[in-house]
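A.B. asks: Sharing start.pdb (PDB, C-alpha atoms) below.
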```
ATOM      1  CA  MET A  30       2.089 -18.089 -10.624
ATOM      2  CA  THR A  31       1.534 -14.411 -11.513
ATOM      3  CA  MET A  32       4.181 -12.166 -10.026
ATOM      4  CA  VAL A  33       2.810  -9.095  -8.219
ATOM      5  CA  PRO A  34       4.994  -5.993  -8.689
ATOM      6  CA  ALA A  35       6.487  -4.379  -5.596
ATOM      7  CA  ILE A  36       3.998  -1.508  -5.869
ATOM      8  CA  GLY A  37       1.003  -3.900  -6.004
ATOM      9  CA  ARG A  38      -1.310  -5.046  -8.763
ATOM     10  CA  GLU A  39      -3.272  -2.709 -10.994
ATOM     11  CA  LEU A  40      -7.053  -2.893 -11.014
ATOM     12  CA  SER A  41      -8.594  -3.273 -14.458
ATOM     13  CA  ASN A  42     -11.001  -0.651 -15.856
ATOM     14  CA  PRO A  43      -9.676   2.391 -13.941
ATOM     15  CA  PRO A  44     -11.243   5.848 -14.283
ATOM     16  CA  SER A  45     -10.210   7.895 -17.327
ATOM     17  CA  ASP A  46      -9.446  11.083 -15.365
ATOM     18  CA  GLY A  47      -8.128  12.073 -11.948
ATOM     19  CA  ILE A  48      -9.095   9.887  -8.974
ATOM     20  CA  SER A  49     -10.568  12.044  -6.189
ATOM     21  CA  ASN A  50     -10.970   9.316  -3.558
ATOM     22  CA  LEU A  51     -11.211   5.593  -2.902
ATOM     23  CA  ARG A  52     -12.572   3.682   0.097
ATOM     24  CA  PHE A  53     -12.818   0.068   1.177
ATOM     25  CA  SER A  54     -16.100  -1.278   2.535
ATOM     26  CA  ASN A  55     -16.366  -2.041   6.262
ATOM     27  CA  SER A  56     -17.663  -5.537   5.516
ATOM     28  CA  SER A  57     -15.829  -6.848   2.423
ATOM     29  CA  ASP A  58     -13.042  -6.081  -0.038
ATOM     30  CA  HIS A  59     -15.354  -3.939  -2.163
ATOM     31  CA  LEU A  60     -13.724  -0.673  -3.159
ATOM     32  CA  LEU A  61     -15.615   2.535  -4.012
ATOM     33  CA  VAL A  62     -13.818   5.010  -6.299
ATOM     34  CA  SER A  63     -14.776   8.557  -7.329
ATOM     35  CA  SER A  64     -13.245  10.450 -10.238
ATOM     36  CA  TRP A  65     -13.093  13.662 -12.199
ATOM     37  CA  ASP A  66     -14.374  11.648 -15.195
ATOM     38  CA  LYS A  67     -17.859  12.031 -13.566
ATOM     39  CA  SER A  68     -17.962   8.383 -12.458
ATOM     40  CA  VAL A  69     -18.375   6.443  -9.229
ATOM     41  CA  ARG A  70     -17.201   2.836  -9.555
ATOM     42  CA  LEU A  71     -17.568  -0.211  -7.326
ATOM     43  CA  TYR A  72     -14.830  -2.840  -7.580
ATOM     44  CA  ASP A  73     -14.241  -6.213  -5.998
ATOM     45  CA  ALA A  74     -10.589  -5.514  -5.205
ATOM     46  CA  ASN A  75      -9.700  -9.169  -4.586
ATOM     47  CA  ALA A  76     -11.265 -10.471  -7.791
ATOM     48  CA  ASP A  77     -10.175  -7.432  -9.887
ATOM     49  CA  LEU A  78     -13.777  -7.015 -10.993
ATOM     50  CA  LEU A  79     -15.712  -3.832 -11.806
ATOM     51  CA  ARG A  80     -19.117  -4.547 -10.254
ATOM     52  CA  GLY A  81     -20.876  -1.339 -11.258
ATOM     53  CA  GLU A  82     -20.602   2.283 -12.318
ATOM     54  CA  PHE A  83     -22.688   5.447 -12.140
ATOM     55  CA  LYS A  84     -22.127   8.531 -14.289
ATOM     56  CA  HIS A  85     -23.017  11.913 -12.795
ATOM     57  CA  GLY A  86     -23.451  15.439 -14.147
ATOM     58  CA  GLY A  87     -20.057  16.705 -13.023
ATOM     59  CA  ALA A  88     -16.721  15.670 -11.579
ATOM     60  CA  VAL A  89     -17.245  13.407  -8.547
ATOM     61  CA  LEU A  90     -15.140  14.867  -5.727
ATOM     62  CA  ASP A  91     -15.750  12.254  -3.000
ATOM     63  CA  CYS A  92     -17.645   9.077  -2.142
ATOM     64  CA  CYS A  93     -18.335   6.830   0.850
ATOM     65  CA  PHE A  94     -20.091   3.544   1.614
ATOM     66  CA  HIS A  95     -23.468   3.120   3.295
ATOM     67  CA  ASP A  96     -23.471  -0.664   3.147
ATOM     68  CA  ASP A  97     -21.578  -3.171   1.026
ATOM     69  CA  SER A  98     -23.342  -2.309  -2.234
ATOM     70  CA  SER A  99     -24.576   1.258  -1.754
ATOM     71  CA  GLY A 100     -23.153   4.601  -0.787
ATOM     72  CA  PHE A 101     -23.104   8.332  -1.319
ATOM     73  CA  SER A 102     -21.324  10.607  -3.769
ATOM     74  CA  VAL A 103     -20.782  14.362  -4.014
ATOM     75  CA  CYS A 104     -20.132  16.363  -7.131
ATOM     76  CA  ALA A 105     -18.964  19.537  -8.772
ATOM     77  CA  ASP A 106     -22.582  19.834 -10.000
ATOM     78  CA  TYR A 107     -23.524  20.793  -6.388
ATOM     79  CA  LYS A 108     -25.523  17.575  -5.798
ATOM     80  CA  VAL A 109     -25.435  14.964  -3.021
ATOM     81  CA  ARG A 110     -26.489  11.538  -4.318
ATOM     82  CA  ARG A 111     -27.380   8.168  -2.862
ATOM     83  CA  ILE A 112     -26.263   5.322  -5.149
ATOM     84  CA  ASP A 113     -27.356   1.671  -5.015
ATOM     85  CA  PHE A 114     -25.310  -0.692  -7.170
ATOM     86  CA  ASN A 115     -27.519  -3.748  -6.589
ATOM     87  CA  ALA A 116     -30.651  -1.896  -7.709
ATOM     88  CA  GLY A 117     -28.789   0.143 -10.334
ATOM     89  CA  LYS A 118     -30.472   3.343  -9.218
ATOM     90  CA  GLU A 119     -29.520   6.717  -7.769
ATOM     91  CA  ASP A 120     -31.430   9.593  -6.220
ATOM     92  CA  VAL A 121     -30.513  13.095  -5.109
ATOM     93  CA  LEU A 122     -30.598  13.756  -1.359
ATOM     94  CA  GLY A 123     -30.131  17.483  -1.916
ATOM     95  CA  THR A 124     -27.768  20.227  -3.049
ATOM     96  CA  HIS A 125     -25.240  22.802  -1.924
ATOM     97  CA  ASP A 126     -24.732  26.241  -3.495
ATOM     98  CA  LYS A 127     -21.260  25.375  -4.820
ATOM     99  CA  PRO A 128     -19.296  22.176  -5.597
ATOM    100  CA  VAL A 129     -19.458  19.582  -2.799
ATOM    101  CA  ARG A 130     -15.940  18.565  -1.779
ATOM    102  CA  CYS A 131     -16.410  15.775   0.777
ATOM    103  CA  VAL A 132     -18.848  13.282   2.246
ATOM    104  CA  GLU A 133     -18.931  10.970   5.275
ATOM    105  CA  TYR A 134     -21.550   8.555   6.578
ATOM    106  CA  SER A 135     -21.946   8.342  10.350
ATOM    107  CA  TYR A 136     -23.015   4.878  11.462
ATOM    108  CA  ALA A 137     -23.360   6.236  15.007
ATOM    109  CA  ALA A 138     -25.848   8.964  14.019
ATOM    110  CA  GLY A 139     -27.333   7.404  10.860
ATOM    111  CA  GLN A 140     -26.541  10.619   8.980
ATOM    112  CA  VAL A 141     -24.723  11.701   5.841
ATOM    113  CA  ILE A 142     -22.431  14.704   6.366
ATOM    114  CA  THR A 143     -21.283  16.804   3.413
ATOM    115  CA  GLY A 144     -18.828  19.685   3.168
ATOM    116  CA  SER A 145     -18.815  22.207   0.340
ATOM    117  CA  TRP A 146     -16.921  25.108  -1.160
ATOM    118  CA  ASP A 147     -20.057  27.144  -0.293
ATOM    119  CA  LYS A 148     -18.564  27.271   3.260
ATOM    120  CA  THR A 149     -21.172  25.004   4.833
ATOM    121  CA  ILE A 150     -21.539  21.562   6.359
ATOM    122  CA  LYS A 151     -24.897  19.865   5.804
ATOM    123  CA  CYS A 152     -26.354  16.820   7.559
ATOM    124  CA  TRP A 153     -28.840  14.547   5.822
ATOM    125  CA  ASP A 154     -31.096  11.677   6.898
ATOM    126  CA  PRO A 155     -30.879   9.146   4.039
ATOM    127  CA  ARG A 156     -33.871   7.240   5.433
ATOM    128  CA  GLY A 157     -36.185  10.081   4.470
ATOM    129  CA  ALA A 158     -37.921  10.254   1.117
ATOM    130  CA  SER A 159     -36.020  11.966  -1.670
ATOM    131  CA  GLY A 160     -36.024  15.714  -1.724
ATOM    132  CA  MET A 161     -34.112  18.259   0.289
ATOM    133  CA  GLU A 162     -37.054  19.272   2.473
ATOM    134  CA  ARG A 163     -37.432  15.681   3.707
ATOM    135  CA  THR A 164     -33.814  14.592   4.078
ATOM    136  CA  GLN A 165     -31.844  17.664   5.191
ATOM    137  CA  ILE A 166     -31.359  17.875   8.956
ATOM    138  CA  GLY A 167     -29.256  21.017   9.246
ATOM    139  CA  THR A 168     -26.851  23.489   7.663
ATOM    140  CA  TYR A 169     -23.822  24.749   9.597
ATOM    141  CA  GLN A 170     -21.793  27.724   8.444
ATOM    142  CA  GLN A 171     -18.006  27.327   8.260
ATOM    143  CA  PRO A 172     -15.336  30.037   8.265
ATOM    144  CA  GLU A 173     -14.060  29.048   4.803
ATOM    145  CA  ARG A 174     -14.360  26.467   2.005
ATOM    146  CA  VAL A 175     -14.435  22.898   3.339
ATOM    147  CA  ASN A 176     -11.424  20.840   2.189
ATOM    148  CA  SER A 177     -11.631  17.667   4.285
ATOM    149  CA  LEU A 178     -13.869  15.848   6.801
ATOM    150  CA  SER A 179     -13.284  12.948   9.162
ATOM    151  CA  LEU A 180     -15.464  11.040  11.642
ATOM    152  CA  VAL A 181     -14.789   8.884  14.669
ATOM    153  CA  GLY A 182     -17.791   7.835  16.775
ATOM    154  CA  ASN A 183     -19.931  10.948  17.267
ATOM    155  CA  ARG A 184     -17.030  13.320  16.663
ATOM    156  CA  LEU A 185     -16.676  15.216  13.374
ATOM    157  CA  VAL A 186     -13.535  17.118  12.357
ATOM    158  CA  VAL A 187     -13.902  19.771   9.644
ATOM    159  CA  ALA A 188     -10.789  21.228   7.974
ATOM    160  CA  THR A 189     -11.324  24.325   5.825
ATOM    161  CA  ALA A 190      -9.300  26.752   3.754
ATOM    162  CA  GLY A 191      -7.584  29.410   5.822
ATOM    163  CA  ARG A 192      -6.190  26.660   8.131
ATOM    164  CA  HIS A 193      -9.358  26.501  10.261
ATOM    165  CA  VAL A 194     -10.314  23.270  12.080
ATOM    166  CA  ASN A 195     -13.764  22.879  13.675
ATOM    167  CA  ILE A 196     -14.569  19.923  15.932
ATOM    168  CA  TYR A 197     -18.229  18.937  16.445
ATOM    169  CA  ASP A 198     -20.261  16.454  18.448
ATOM    170  CA  LEU A 199     -22.856  15.070  16.008
ATOM    171  CA  ARG A 200     -25.379  14.904  18.851
ATOM    172  CA  ASN A 201     -25.255  18.701  19.184
ATOM    173  CA  MET A 202     -24.270  20.459  15.965
ATOM    174  CA  SER A 203     -25.478  23.920  17.057
ATOM    175  CA  GLN A 204     -21.875  25.045  17.478
ATOM    176  CA  PRO A 205     -18.404  23.457  17.381
ATOM    177  CA  GLU A 206     -17.070  21.848  20.550
ATOM    178  CA  GLN A 207     -13.704  23.350  19.636
ATOM    179  CA  ARG A 208     -12.485  25.911  17.115
ATOM    180  CA  ARG A 209      -8.831  25.560  16.226
ATOM    181  CA  GLU A 210      -6.232  26.799  13.800
ATOM    182  CA  SER A 211      -3.991  24.265  12.082
ATOM    183  CA  SER A 212      -0.527  24.116  13.617
ATOM    184  CA  LEU A 213       0.828  23.819  10.061
ATOM    185  CA  LYS A 214       1.588  27.049   8.204
ATOM    186  CA  TYR A 215       0.044  26.220   4.840
ATOM    187  CA  GLN A 216      -3.153  24.877   3.259
ATOM    188  CA  THR A 217      -4.685  21.689   4.669
ATOM    189  CA  ARG A 218      -4.988  18.759   2.267
ATOM    190  CA  CYS A 219      -6.350  15.950   4.456
ATOM    191  CA  VAL A 220      -7.613  15.282   7.990
ATOM    192  CA  ARG A 221      -8.160  11.779   9.420
ATOM    193  CA  CYS A 222      -9.219  10.810  12.957
ATOM    194  CA  TYR A 223      -7.271   8.270  14.988
ATOM    195  CA  PRO A 224      -9.131   4.939  15.175
ATOM    196  CA  ASN A 225      -9.037   5.108  18.997
ATOM    197  CA  GLY A 226     -10.909   8.438  18.941
ATOM    198  CA  SER A 227      -8.260  10.448  20.819
ATOM    199  CA  GLY A 228      -7.351  12.912  18.067
ATOM    200  CA  TYR A 229      -6.551  13.406  14.399
ATOM    201  CA  ALA A 230      -3.728  13.667  11.886
ATOM    202  CA  LEU A 231      -3.692  16.610   9.498
ATOM    203  CA  SER A 232      -1.551  17.035   6.376
ATOM    204  CA  SER A 233      -0.708  20.079   4.294
ATOM    205  CA  VAL A 234       0.761  21.214   0.995
ATOM    206  CA  GLU A 235       4.103  21.924   2.699
ATOM    207  CA  GLY A 236       5.208  18.297   3.175
ATOM    208  CA  ARG A 237       4.221  18.060   6.826
ATOM    209  CA  VAL A 238       1.816  16.106   9.033
ATOM    210  CA  SER A 239       0.646  17.207  12.485
ATOM    211  CA  MET A 240      -0.579  14.820  15.193
ATOM    212  CA  GLU A 241      -3.294  16.443  17.298
ATOM    213  CA  PHE A 242      -5.378  15.465  20.356
ATOM    214  CA  PHE A 243      -8.959  16.353  21.291
ATOM    215  CA  ASP A 244      -8.279  16.501  25.048
ATOM    216  CA  LEU A 245      -7.433  20.117  25.900
ATOM    217  CA  SER A 246      -5.598  19.302  29.128
ATOM    218  CA  GLU A 247      -2.006  20.467  29.359
ATOM    219  CA  ALA A 248      -0.755  16.867  29.554
ATOM    220  CA  ALA A 249      -2.606  15.817  26.380
ATOM    221  CA  GLN A 250      -1.622  18.914  24.405
ATOM    222  CA  ALA A 251       2.032  18.351  25.340
ATOM    223  CA  LYS A 252       1.900  15.150  23.251
ATOM    224  CA  LYS A 253       1.033  16.870  19.973
ATOM    225  CA  TYR A 254       3.755  17.331  17.369
ATOM    226  CA  ALA A 255       4.373  17.827  13.657
ATOM    227  CA  PHE A 256       6.930  16.242  11.361
ATOM    228  CA  LYS A 257       8.369  16.718   7.886
ATOM    229  CA  CYS A 258       7.765  14.120   5.175
ATOM    230  CA  HIS A 259       7.503  13.720   1.387
ATOM    231  CA  ARG A 260      10.561  15.844   0.663
ATOM    232  CA  LYS A 261      13.911  15.405  -1.010
ATOM    233  CA  SER A 262      17.145  17.352  -1.332
ATOM    234  CA  GLU A 263      18.335  18.133  -4.832
ATOM    235  CA  ASP A 264      21.319  20.349  -5.724
ATOM    236  CA  GLY A 265      21.357  21.689  -2.188
ATOM    237  CA  ARG A 266      17.657  22.609  -2.249
ATOM    238  CA  ASP A 267      14.856  21.061  -0.215
ATOM    239  CA  ILE A 268      12.021  20.097  -2.576
ATOM    240  CA  VAL A 269       8.702  19.895  -0.708
ATOM    241  CA  TYR A 270       5.664  17.920  -1.914
ATOM    242  CA  PRO A 271       2.004  18.190  -0.796
ATOM    243  CA  VAL A 272       0.741  15.341   1.401
ATOM    244  CA  ASN A 273      -2.592  14.469  -0.208
ATOM    245  CA  ALA A 274      -3.695  11.388   1.704
ATOM    246  CA  ILE A 275      -3.666   9.773   5.150
ATOM    247  CA  ALA A 276      -5.109   6.346   6.017
ATOM    248  CA  PHE A 277      -4.991   4.621   9.419
ATOM    249  CA  HIS A 278      -4.455   0.886   9.774
ATOM    250  CA  PRO A 279      -7.601  -0.512  11.470
ATOM    251  CA  ILE A 280      -5.723  -2.978  13.706
ATOM    252  CA  TYR A 281      -2.453  -1.329  14.694
ATOM    253  CA  GLY A 282      -3.329   2.378  14.512
ATOM    254  CA  THR A 283      -0.242   3.115  12.434
ATOM    255  CA  PHE A 284      -0.904   5.129   9.287
ATOM    256  CA  ALA A 285       0.028   5.585   5.658
ATOM    257  CA  SER A 286       0.714   8.934   4.043
ATOM    258  CA  GLY A 287       0.765   9.608   0.305
ATOM    259  CA  GLY A 288       2.325  12.592  -1.421
ATOM    260  CA  CYS A 289       2.873  14.279  -4.747
ATOM    261  CA  ASP A 290       6.354  12.711  -4.752
ATOM    262  CA  GLY A 291       4.719   9.377  -5.657
ATOM    263  CA  PHE A 292       5.718   7.693  -2.394
ATOM    264  CA  VAL A 293       3.646   5.954   0.269
ATOM    265  CA  ASN A 294       5.163   5.944   3.761
ATOM    266  CA  ILE A 295       3.975   3.969   6.806
ATOM    267  CA  TRP A 296       4.331   5.743  10.165
ATOM    268  CA  ASP A 297       4.155   4.809  13.831
ATOM    269  CA  GLY A 298       2.693   8.020  15.212
ATOM    270  CA  ASN A 299       3.042   7.017  18.868
ATOM    271  CA  ASN A 300       6.758   6.312  18.602
ATOM    272  CA  LYS A 301       7.426   9.024  15.996
ATOM    273  CA  LYS A 302       9.026   6.628  13.510
ATOM    274  CA  ARG A 303       8.716   5.762   9.850
ATOM    275  CA  LEU A 304       8.195   2.006   9.593
ATOM    276  CA  TYR A 305       8.268   1.489   5.842
ATOM    277  CA  GLN A 306       8.430   3.178   2.449
ATOM    278  CA  TYR A 307       6.994   1.477  -0.627
ATOM    279  CA  SER A 308       8.636   1.683  -4.029
ATOM    280  CA  LYS A 309       7.829   4.855  -5.922
ATOM    281  CA  TYR A 310       4.518   4.975  -7.821
ATOM    282  CA  PRO A 311       4.178   6.380 -11.371
ATOM    283  CA  THR A 312       2.757   9.753 -10.277
ATOM    284  CA  SER A 313       1.177  11.614  -7.323
ATOM    285  CA  ILE A 314      -0.631   9.642  -4.617
ATOM    286  CA  ALA A 315      -4.159  11.084  -4.599
ATOM    287  CA  ALA A 316      -5.891   8.742  -2.101
ATOM    288  CA  LEU A 317      -5.263   5.754   0.196
ATOM    289  CA  SER A 318      -7.469   3.217   1.981
ATOM    290  CA  PHE A 319      -6.821   0.118   4.113
ATOM    291  CA  SER A 320      -9.260  -2.792   3.922
ATOM    292  CA  ARG A 321     -11.355  -3.646   6.976
ATOM    293  CA  ASP A 322      -8.770  -6.136   8.347
ATOM    294  CA  GLY A 323      -5.751  -4.098   7.226
ATOM    295  CA  GLY A 324      -4.615  -6.853   4.862
ATOM    296  CA  LEU A 325      -4.918  -4.726   1.706
ATOM    297  CA  LEU A 326      -3.969  -1.150   0.879
ATOM    298  CA  ALA A 327      -5.601   0.595  -2.101
ATOM    299  CA  ILE A 328      -3.503   3.348  -3.650
ATOM    300  CA  ALA A 329      -4.681   5.924  -6.202
ATOM    301  CA  SER A 330      -1.728   6.903  -8.379
ATOM    302  CA  SER A 331      -3.232   9.950 -10.055
ATOM    303  CA  TYR A 332      -1.675  13.269 -11.026
ATOM    304  CA  THR A 333      -3.119  16.087  -8.875
ATOM    305  CA  PHE A 334      -2.011  18.973 -11.132
ATOM    306  CA  GLU A 335       0.341  20.443  -8.521
ATOM    307  CA  GLU A 336       2.639  21.405 -11.413
ATOM    308  CA  GLY A 337      -0.141  22.561 -13.738
ATOM    309  CA  ASP A 338      -1.396  20.918 -16.913
ATOM    310  CA  LYS A 339       1.364  18.720 -18.346
ATOM    311  CA  PRO A 340       1.752  15.210 -19.795
ATOM    312  CA  HIS A 341       1.467  12.652 -17.006
ATOM    313  CA  GLU A 342       1.126   8.938 -16.280
ATOM    314  CA  PRO A 343      -2.337   7.342 -16.563
ATOM    315  CA  ASP A 344      -4.628   7.336 -13.527
ATOM    316  CA  THR A 345      -4.220   3.945 -11.879
ATOM    317  CA  ILE A 346      -5.557   2.058  -8.835
ATOM    318  CA  PHE A 347      -3.046  -0.268  -7.193
ATOM    319  CA  VAL A 348      -3.974  -2.860  -4.570
ATOM    320  CA  ARG A 349      -1.158  -4.318  -2.531
ATOM    321  CA  SER A 350      -1.064  -6.960   0.187
ATOM    322  CA  VAL A 351       0.139  -5.543   3.483
ATOM    323  CA  ASN A 352       2.657  -7.527   5.517
ATOM    324  CA  GLU A 353       2.494  -7.216   9.285
ATOM    325  CA  ILE A 354       6.141  -6.148   9.413
ATOM    326  CA  GLU A 355       5.246  -3.037   7.373
ATOM    327  CA  VAL A 356       2.522  -1.756   9.718
ATOM    328  CA  LYS A 357       3.035  -3.263  13.183
ATOM    329  CA  PRO A 358       4.676  -0.895  15.675
ATOM    330  CA  LYS A 359       8.149  -1.938  16.747
ATOM    331  CA  PRO A 360       8.656  -2.385  20.505
ATOM    332  CA  LYS A 361      10.881   0.198  22.093
ATOM    333  CA  VAL A 362      14.368  -1.113  22.804
ATOM    334  CA  TYR A 363      16.087   0.258  25.870
ATOM    335  CA  PRO A 364      19.867   0.006  26.267
ATOM    336  CA  ASN A 365      21.143  -2.291  29.000
ATOM    337  CA  ARG A 366      21.734  -0.411  32.180
ATOM    338  CA  ALA A 367      24.187  -1.277  34.873
ATOM    339  CA  VAL A 368      22.513  -2.421  38.081
TER     340      VAL A 368
END
```
Rewrite the structure from the file as structure tokens, please.
C.D. replies:
Amino acid sequence: MTMVPAIGRELSNPPSDGISNLRFSNSSDHLLVSSWDKSVRLYDANADLLRGEFKHGGAVLDCCFHDDSSGFSVCADYKVRRIDFNAGKEDVLGTHDKPVRCVEYSYAAGQVITGSWDKTIKCWDPRGASGMERTQIGTYQQPERVNSLSLVGNRLVVATAGRHVNIYDLRNMSQPEQRRESSLKYQTRCVRCYPNGSGYALSSVEGRVSMEFFDLSEAAQAKKYAFKCHRKSEDGRDIVYPVNAIAFHPIYGTFASGGCDGFVNIWDGNNKKRLYQYSKYPTSIAALSFSRDGGLLAIASSYTFEEGDKPHEPDTIFVRSVNEIEVKPKPKVYPNRAV
């Protein structure tokens, strides 16, 4: 029997440059991976099989699934592409005026949403014929460069440079439902909505994560908080690492965070506890994704150049089996009280 290391098993044929994102399919253990080597790759994570690859005209900064064998990718060459691995073909939905940083597909609205460093969000109808005039639904100006997007139902959360957070209803994109400022002091790295649709988690370069709620009532806002993570003390100094990635478990609603310290932590946000920490990975954690049933966690161990250009470990995709004990919230234990 092959022994699986504590950090998981490596996928064969990884990208040759930095991994920008990875995502599991909603209907299988297919894994979509985008990279600075200008590639988008589709793997069968269980079989350790590379099922297909597309090469683009620039670094691929994000990707997402449409169905089990097709999806969307966005690039530093300003283009938004639809890619179909079964047919082996791609076409361009449209373009932004600067590199496109992130992409999401809304199953609720049937739309592709892209965010760019040109300070806009664009919505696209992938069912239209190719060409921007046929597929683009709208362009929505943002206060700064878009760094991260997340969707839950019809709600879209947009995190930009300058610590801005805009919250939209996809059914009425004319203006944000809410305009917020991040409660964290430094640049946002990642935003991810809670699976139950009640709010979002946001991480920053300062080794912190904030837990936020959409409901603006006083009672709901009293529940929000932020916590420190991905830090260590060395020679009396607190060394702080950026938190690059957040991924929610689809069953339990707990979440994983990944930082430039090479660690992946599992958190119970409701009870404000860390449940688990995996063994250290070779280099920075660039991206995380749970499989549809939460049984697998894909981890991109990929240097994110937070310390500049220097020799570093190879870019690697690890897939590890997730035990329930690592991700299931622990029941609260109350001390015995005298009657």
A.B. asks: I'd like the contact shell of A:Asp77 - 10 Å cut-off, all atoms listed in the file, skipping same-chain residues fewer than 2 positions apart - returned as a list in words.
C.D. replies: Arg38, Glu39, Leu40, Ser41, Asn42, His59, Tyr72, Asp73, Ala74, Asn75, Leu79, Arg80 and Val348 of chain A
A.B. asks: By how many Å are atom CA of A:Lys302 and atom CA of A:Asn55 apart?
C.D. replies: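 If I compute the distance from atom CA of A:Lys302 to atom CA of A:Asn55, I get 27.8 Å.
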A.B. asks: Hey, what's within 8 Å of stretch 117-127 of chain A if we count only C-alpha atoms and toss same-chain stuff fewer than 4 positions away? As a ChimeraX atom specification, please?
C.D. replies: /A:105-113,145-147,153,155,159-161,164-165
A.B. asks: The PyMOL selection byres ((chain A and resi 196-208) around 9) - which residues does that actually catch in the file I just gave you? List them as a PyMOL selection string.
C.D. replies: chain A and resi 135+137-138+167+169+182-188+193-195+209-210+243
A.B. asks: On this file, the PyMOL selection byres ((chain A and resi 245) around 12) gives some set of residues; write that set as a PyMOL selection string.
C.D. replies: chain A and resi 206-209+227-228+241-244+246-253
